[in-house]
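One file, entry-v2.cif, is given below (mmCIF, N, CA, C and O atoms).
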data_query
#
loop_
_atom_site.label_atom_id
_atom_site.label_comp_id
_atom_site.auth_asym_id
_atom_site.auth_seq_id
_atom_site.Cartn_x
_atom_site.Cartn_y
_atom_site.Cartn_z
N MET A 15 31.89 47.05 204.33
CA MET A 15 32.69 46.87 203.15
C MET A 15 33.72 48.00 203.10
O MET A 15 33.37 49.17 203.18
N TRP A 16 35.00 47.63 203.03
CA TRP A 16 36.06 48.63 202.91
C TRP A 16 36.30 48.92 201.43
O TRP A 16 36.40 48.00 200.62
N PHE A 17 36.40 50.22 201.13
CA PHE A 17 36.79 50.65 199.80
C PHE A 17 38.24 51.10 199.89
O PHE A 17 38.56 52.09 200.53
N VAL A 18 39.11 50.34 199.28
CA VAL A 18 40.54 50.55 199.42
C VAL A 18 40.97 51.92 198.91
O VAL A 18 41.74 52.62 199.58
N ALA A 19 40.48 52.34 197.77
CA ALA A 19 40.92 53.60 197.18
C ALA A 19 40.61 54.80 198.07
O ALA A 19 41.44 55.69 198.23
N SER A 20 39.43 54.81 198.69
CA SER A 20 39.05 55.95 199.52
C SER A 20 39.38 55.72 200.99
O SER A 20 39.42 56.67 201.77
N GLY A 21 39.59 54.47 201.38
CA GLY A 21 39.85 54.15 202.77
C GLY A 21 38.62 54.21 203.65
O GLY A 21 38.72 54.23 204.87
N LYS A 22 37.44 54.22 203.03
CA LYS A 22 36.19 54.33 203.79
C LYS A 22 35.53 52.96 203.93
O LYS A 22 35.63 52.12 203.05
N CYS A 23 34.85 52.79 205.05
CA CYS A 23 34.13 51.55 205.32
C CYS A 23 32.65 51.86 205.45
O CYS A 23 32.27 52.76 206.21
N TYR A 24 31.83 51.13 204.71
CA TYR A 24 30.39 51.32 204.74
C TYR A 24 29.71 50.04 205.19
O TYR A 24 30.18 48.94 204.88
N GLN A 25 28.60 50.19 205.89
CA GLN A 25 27.76 49.06 206.26
C GLN A 25 26.52 49.11 205.39
O GLN A 25 25.79 50.11 205.41
N PHE A 26 26.28 48.05 204.64
CA PHE A 26 25.10 47.96 203.78
C PHE A 26 24.02 47.19 204.52
O PHE A 26 24.30 46.16 205.14
N GLU A 27 22.79 47.68 204.45
CA GLU A 27 21.68 47.11 205.20
C GLU A 27 20.82 46.20 204.33
O GLU A 27 20.61 46.48 203.15
N ASP A 28 20.32 45.15 204.93
CA ASP A 28 19.33 44.26 204.32
C ASP A 28 19.81 43.57 203.05
O ASP A 28 18.99 43.22 202.20
N VAL A 29 21.11 43.36 202.93
CA VAL A 29 21.62 42.59 201.79
C VAL A 29 21.32 41.11 202.08
O VAL A 29 21.73 40.60 203.13
N PRO A 30 20.59 40.45 201.21
CA PRO A 30 20.26 39.04 201.46
C PRO A 30 21.53 38.19 201.58
O PRO A 30 22.53 38.45 200.90
N PRO A 31 21.49 37.18 202.44
CA PRO A 31 22.66 36.31 202.61
C PRO A 31 23.13 35.69 201.29
O PRO A 31 24.33 35.53 201.08
N GLU A 32 22.20 35.39 200.40
CA GLU A 32 22.58 34.79 199.11
C GLU A 32 23.39 35.78 198.28
O GLU A 32 24.36 35.40 197.61
N THR A 33 22.99 37.05 198.31
CA THR A 33 23.71 38.07 197.55
C THR A 33 25.11 38.26 198.13
O THR A 33 26.09 38.37 197.38
N PHE A 34 25.21 38.26 199.45
CA PHE A 34 26.53 38.40 200.08
C PHE A 34 27.41 37.21 199.73
O PHE A 34 28.60 37.39 199.40
N ALA A 35 26.87 36.01 199.75
CA ALA A 35 27.64 34.82 199.40
C ALA A 35 28.10 34.89 197.94
O ALA A 35 29.24 34.54 197.63
N GLU A 36 27.22 35.35 197.05
CA GLU A 36 27.60 35.49 195.64
C GLU A 36 28.69 36.54 195.48
O GLU A 36 29.61 36.36 194.68
N PHE A 37 28.61 37.63 196.24
CA PHE A 37 29.65 38.66 196.20
C PHE A 37 30.99 38.07 196.64
O PHE A 37 32.01 38.28 195.97
N ARG A 38 30.98 37.34 197.74
CA ARG A 38 32.24 36.76 198.24
C ARG A 38 32.85 35.80 197.24
O ARG A 38 34.07 35.69 197.15
N ALA A 39 32.01 35.10 196.49
CA ALA A 39 32.50 34.11 195.53
C ALA A 39 32.84 34.72 194.17
O ALA A 39 33.49 34.08 193.36
N ALA A 40 32.41 35.96 193.94
CA ALA A 40 32.60 36.58 192.62
C ALA A 40 34.08 36.81 192.32
O ALA A 40 34.84 37.24 193.18
N PHE A 41 34.46 36.53 191.10
CA PHE A 41 35.83 36.79 190.66
C PHE A 41 36.05 38.30 190.55
O PHE A 41 37.07 38.82 191.00
N ALA A 42 35.10 39.01 189.95
CA ALA A 42 35.20 40.47 189.76
C ALA A 42 34.28 41.14 190.79
O ALA A 42 33.13 41.46 190.52
N LYS A 43 34.82 41.34 192.00
CA LYS A 43 34.00 41.88 193.08
C LYS A 43 33.51 43.30 192.79
O LYS A 43 32.38 43.64 193.13
N GLY A 44 34.32 44.12 192.18
CA GLY A 44 33.89 45.48 191.84
C GLY A 44 32.72 45.47 190.88
O GLY A 44 31.75 46.21 191.06
N ARG A 45 32.78 44.64 189.88
CA ARG A 45 31.69 44.53 188.91
C ARG A 45 30.42 44.02 189.59
O ARG A 45 29.34 44.55 189.40
N PHE A 46 30.56 42.97 190.41
CA PHE A 46 29.40 42.44 191.11
C PHE A 46 28.80 43.50 192.01
O PHE A 46 27.58 43.70 192.03
N PHE A 47 29.63 44.21 192.76
CA PHE A 47 29.13 45.27 193.64
C PHE A 47 28.36 46.31 192.85
O PHE A 47 27.25 46.69 193.22
N ASN A 48 28.93 46.78 191.77
CA ASN A 48 28.28 47.82 190.97
C ASN A 48 26.96 47.35 190.37
O ASN A 48 26.01 48.13 190.29
N GLU A 49 26.90 46.10 189.97
CA GLU A 49 25.69 45.59 189.30
C GLU A 49 24.62 45.11 190.27
O GLU A 49 23.43 45.19 189.96
N ARG A 50 25.01 44.60 191.44
CA ARG A 50 24.03 43.93 192.30
C ARG A 50 23.82 44.57 193.68
O ARG A 50 22.86 44.23 194.35
N ILE A 51 24.74 45.45 194.10
CA ILE A 51 24.62 46.01 195.46
C ILE A 51 24.51 47.53 195.44
O ILE A 51 23.61 48.09 196.06
N ARG A 52 25.41 48.19 194.73
CA ARG A 52 25.42 49.65 194.69
C ARG A 52 24.06 50.19 194.23
O ARG A 52 23.47 49.66 193.29
N ASN A 53 23.59 51.23 194.90
CA ASN A 53 22.32 51.90 194.60
C ASN A 53 21.10 51.00 194.77
O ASN A 53 20.02 51.35 194.30
N ARG A 54 21.24 49.85 195.43
CA ARG A 54 20.10 48.96 195.67
C ARG A 54 19.80 48.78 197.15
O ARG A 54 18.71 48.33 197.50
N PHE A 55 20.78 49.08 198.00
CA PHE A 55 20.62 48.87 199.44
C PHE A 55 21.05 50.14 200.19
O PHE A 55 21.96 50.84 199.76
N ARG A 56 20.38 50.37 201.32
CA ARG A 56 20.77 51.50 202.17
C ARG A 56 22.13 51.21 202.78
O ARG A 56 22.49 50.06 202.99
N TYR A 57 22.88 52.27 203.05
CA TYR A 57 24.20 52.11 203.65
C TYR A 57 24.52 53.30 204.53
O TYR A 57 23.87 54.34 204.46
N ARG A 58 25.56 53.11 205.36
CA ARG A 58 26.04 54.22 206.18
C ARG A 58 27.54 54.09 206.34
O ARG A 58 28.09 52.97 206.34
N LEU A 59 28.20 55.22 206.46
CA LEU A 59 29.64 55.24 206.69
C LEU A 59 29.91 54.85 208.13
O LEU A 59 29.31 55.40 209.06
N VAL A 60 30.78 53.88 208.35
CA VAL A 60 31.07 53.42 209.70
C VAL A 60 32.52 53.64 210.10
O VAL A 60 32.87 53.46 211.26
N GLY A 61 33.38 54.04 209.18
CA GLY A 61 34.77 54.30 209.54
C GLY A 61 35.61 54.66 208.34
O GLY A 61 35.16 54.55 207.18
N THR A 62 36.83 55.08 208.63
CA THR A 62 37.80 55.38 207.58
C THR A 62 39.13 54.78 207.97
O THR A 62 39.35 54.43 209.15
N ALA A 63 40.02 54.64 207.03
CA ALA A 63 41.34 54.08 207.30
C ALA A 63 42.11 54.92 208.32
O ALA A 63 42.92 54.40 209.06
N ASN A 64 41.82 56.21 208.37
CA ASN A 64 42.49 57.10 209.32
C ASN A 64 41.80 57.15 210.67
O ASN A 64 42.27 57.80 211.58
N ASN A 65 40.67 56.43 210.80
CA ASN A 65 39.89 56.44 212.03
C ASN A 65 40.36 55.30 212.91
O ASN A 65 40.30 54.15 212.53
N SER A 66 40.82 55.60 214.10
CA SER A 66 41.35 54.56 214.97
C SER A 66 40.25 53.83 215.72
O SER A 66 40.50 52.86 216.41
N GLY A 67 39.00 54.26 215.64
CA GLY A 67 37.95 53.60 216.39
C GLY A 67 36.92 53.17 215.52
O GLY A 67 36.09 52.48 215.35
#
Could you write out this file's structure as structure tokens?
Amino acid sequence: MWFVASGKCYQFEDVPPETFAEFRAAFAKGRFFNERIRNRFRYRLVGTANNSG
């Protein structure tokens, strides 16, 4: 998931396919992320906008 403001990309682990589908369909993606994904799943930084690889 890319965060536009920070330019960072994170990989979230073990997010159920249904939750991901609901996120993709959500009108307010930031709200959905904050309520249903943030602080509920492990994640790791995988890149930044300034990272060429």
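CA of Leu59 in chain A lies 20.3 Å from CA of Thr33 in chain A.
Residues selected in this file by the PyMOL selection byres ((chain A and resi 16-31) around 8) comprise Met15, Glu32, Thr33, Phe34, Ala35, Glu36, Phe37, Arg38, Arg50, Ile51, Arg54, Phe55, Arg56, Tyr57, Arg58, Leu59, Val60, Gly61, Thr62, Ala63, Asn64 and Asn65 of chain A.
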Limited to N, CA, C and O atoms, could you put the picked residues into a file as a PDB file, in the coordinates of the input?
ATOM      1  N   MET A  15      31.890  47.050 204.330  1.00  0.00           N
ATOM      2  CA  MET A  15      32.690  46.870 203.150  1.00  0.00           C
ATOM      3  C   MET A  15      33.720  48.000 203.100  1.00  0.00           C
ATOM      4  O   MET A  15      33.370  49.170 203.180  1.00  0.00           O
ATOM      5  N   GLU A  32      22.200  35.390 200.400  1.00  0.00           N
ATOM      6  CA  GLU A  32      22.580  34.790 199.110  1.00  0.00           C
ATOM      7  C   GLU A  32      23.390  35.780 198.280  1.00  0.00           C
ATOM      8  O   GLU A  32      24.360  35.400 197.610  1.00  0.00           O
ATOM      9  N   THR A  33      22.990  37.050 198.310  1.00  0.00           N
ATOM     10  CA  THR A  33      23.710  38.070 197.550  1.00  0.00           C
ATOM     11  C   THR A  33      25.110  38.260 198.130  1.00  0.00           C
ATOM     12  O   THR A  33      26.090  38.370 197.380  1.00  0.00           O
ATOM     13  N   PHE A  34      25.210  38.260 199.450  1.00  0.00           N
ATOM     14  CA  PHE A  34      26.530  38.400 200.080  1.00  0.00           C
ATOM     15  C   PHE A  34      27.410  37.210 199.730  1.00  0.00           C
ATOM     16  O   PHE A  34      28.600  37.390 199.400  1.00  0.00           O
ATOM     17  N   ALA A  35      26.870  36.010 199.750  1.00  0.00           N
ATOM     18  CA  ALA A  35      27.640  34.820 199.400  1.00  0.00           C
ATOM     19  C   ALA A  35      28.100  34.890 197.940  1.00  0.00           C
ATOM     20  O   ALA A  35      29.240  34.540 197.630  1.00  0.00           O
ATOM     21  N   GLU A  36      27.220  35.350 197.050  1.00  0.00           N
ATOM     22  CA  GLU A  36      27.600  35.490 195.640  1.00  0.00           C
ATOM     23  C   GLU A  36      28.690  36.540 195.480  1.00  0.00           C
ATOM     24  O   GLU A  36      29.610  36.360 194.680  1.00  0.00           O
ATOM     25  N   PHE A  37      28.610  37.630 196.240  1.00  0.00           N
ATOM     26  CA  PHE A  37      29.650  38.660 196.200  1.00  0.00           C
ATOM     27  C   PHE A  37      30.990  38.070 196.640  1.00  0.00           C
ATOM     28  O   PHE A  37      32.010  38.280 195.970  1.00  0.00           O
ATOM     29  N   ARG A  38      30.980  37.340 197.740  1.00  0.00           N
ATOM     30  CA  ARG A  38      32.240  36.760 198.240  1.00  0.00           C
ATOM     31  C   ARG A  38      32.850  35.800 197.240  1.00  0.00           C
ATOM     32  O   ARG A  38      34.070  35.690 197.150  1.00  0.00           O
ATOM     33  N   ARG A  50      25.010  44.600 191.440  1.00  0.00           N
ATOM     34  CA  ARG A  50      24.030  43.930 192.300  1.00  0.00           C
ATOM     35  C   ARG A  50      23.820  44.570 193.680  1.00  0.00           C
ATOM     36  O   ARG A  50      22.860  44.230 194.350  1.00  0.00           O
ATOM     37  N   ILE A  51      24.740  45.450 194.100  1.00  0.00           N
ATOM     38  CA  ILE A  51      24.620  46.010 195.460  1.00  0.00           C
ATOM     39  C   ILE A  51      24.510  47.530 195.440  1.00  0.00           C
ATOM     40  O   ILE A  51      23.610  48.090 196.060  1.00  0.00           O
ATOM     41  N   ARG A  54      21.240  49.850 195.430  1.00  0.00           N
ATOM     42  CA  ARG A  54      20.100  48.960 195.670  1.00  0.00           C
ATOM     43  C   ARG A  54      19.800  48.780 197.150  1.00  0.00           C
ATOM     44  O   ARG A  54      18.710  48.330 197.500  1.00  0.00           O
ATOM     45  N   PHE A  55      20.780  49.080 198.000  1.00  0.00           N
ATOM     46  CA  PHE A  55      20.620  48.870 199.440  1.00  0.00           C
ATOM     47  C   PHE A  55      21.050  50.140 200.190  1.00  0.00           C
ATOM     48  O   PHE A  55      21.960  50.840 199.760  1.00  0.00           O
ATOM     49  N   ARG A  56      20.380  50.370 201.320  1.00  0.00           N
ATOM     50  CA  ARG A  56      20.770  51.500 202.170  1.00  0.00           C
ATOM     51  C   ARG A  56      22.130  51.210 202.780  1.00  0.00           C
ATOM     52  O   ARG A  56      22.490  50.060 202.990  1.00  0.00           O
ATOM     53  N   TYR A  57      22.880  52.270 203.050  1.00  0.00           N
ATOM     54  CA  TYR A  57      24.200  52.110 203.650  1.00  0.00           C
ATOM     55  C   TYR A  57      24.520  53.300 204.530  1.00  0.00           C
ATOM     56  O   TYR A  57      23.870  54.340 204.460  1.00  0.00           O
ATOM     57  N   ARG A  58      25.560  53.110 205.360  1.00  0.00           N
ATOM     58  CA  ARG A  58      26.040  54.220 206.180  1.00  0.00           C
ATOM     59  C   ARG A  58      27.540  54.090 206.340  1.00  0.00           C
ATOM     60  O   ARG A  58      28.090  52.970 206.340  1.00  0.00           O
ATOM     61  N   LEU A  59      28.200  55.220 206.460  1.00  0.00           N
ATOM     62  CA  LEU A  59      29.640  55.240 206.690  1.00  0.00           C
ATOM     63  C   LEU A  59      29.910  54.850 208.130  1.00  0.00           C
ATOM     64  O   LEU A  59      29.310  55.400 209.060  1.00  0.00           O
ATOM     65  N   VAL A  60      30.780  53.880 208.350  1.00  0.00           N
ATOM     66  CA  VAL A  60      31.070  53.420 209.700  1.00  0.00           C
ATOM     67  C   VAL A  60      32.520  53.640 210.100  1.00  0.00           C
ATOM     68  O   VAL A  60      32.870  53.460 211.260  1.00  0.00           O
ATOM     69  N   GLY A  61      33.380  54.040 209.180  1.00  0.00           N
ATOM     70  CA  GLY A  61      34.770  54.300 209.540  1.00  0.00           C
ATOM     71  C   GLY A  61      35.610  54.660 208.340  1.00  0.00           C
ATOM     72  O   GLY A  61      35.160  54.550 207.180  1.00  0.00           O
ATOM     73  N   THR A  62      36.830  55.080 208.630  1.00  0.00           N
ATOM     74  CA  THR A  62      37.800  55.380 207.580  1.00  0.00           C
ATOM     75  C   THR A  62      39.130  54.780 207.970  1.00  0.00           C
ATOM     76  O   THR A  62      39.350  54.430 209.150  1.00  0.00           O
ATOM     77  N   ALA A  63      40.020  54.640 207.030  1.00  0.00           N
ATOM     78  CA  ALA A  63      41.340  54.080 207.300  1.00  0.00           C
ATOM     79  C   ALA A  63      42.110  54.920 208.320  1.00  0.00           C
ATOM     80  O   ALA A  63      42.920  54.400 209.060  1.00  0.00           O
ATOM     81  N   ASN A  64      41.820  56.210 208.370  1.00  0.00           N
ATOM     82  CA  ASN A  64      42.490  57.100 209.320  1.00  0.00           C
ATOM     83  C   ASN A  64      41.800  57.150 210.670  1.00  0.00           C
ATOM     84  O   ASN A  64      42.270  57.800 211.580  1.00  0.00           O
ATOM     85  N   ASN A  65      40.670  56.430 210.800  1.00  0.00           N
ATOM     86  CA  ASN A  65      39.890  56.440 212.030  1.00  0.00           C
ATOM     87  C   ASN A  65      40.360  55.300 212.910  1.00  0.00           C
ATOM     88  O   ASN A  65      40.300  54.150 212.530  1.00  0.00           O
TER      89      ASN A  65
END
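For the atom pair formed by atom O of Ala40 in chain A and atom N of Arg52 in chain A, the distance is 14.5 Å, given to one decimal.
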Output, as JSON, the centre and edge lengths in Å (one decimal) of the axis-aligned box that contains all listed atoms of range 45-48 of chain A with 4 Å of margin on each side.
{"center_x": 29.4, "center_y": 45.3, "center_z": 191.3, "size_x": 14.8, "size_y": 13.7, "size_z": 12.7}
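Residues of chain A assigned to strand (DSSP E or B) by DSSP on this structure's backbone: Trp16, Phe17, Lys22, Cys23, Tyr24, Gln25, Phe26, Tyr57, Arg58, Leu59, Val60, Gly61 and Thr62 of chain A.
DSSP secondary structure from the backbone places Pro31, Glu32, Thr33, Phe34, Ala35, Glu36, Phe37, Arg38, Ala39, Lys43, Gly44, Arg45 and Phe46 of chain A of chain A in alpha helix (DSSP H).
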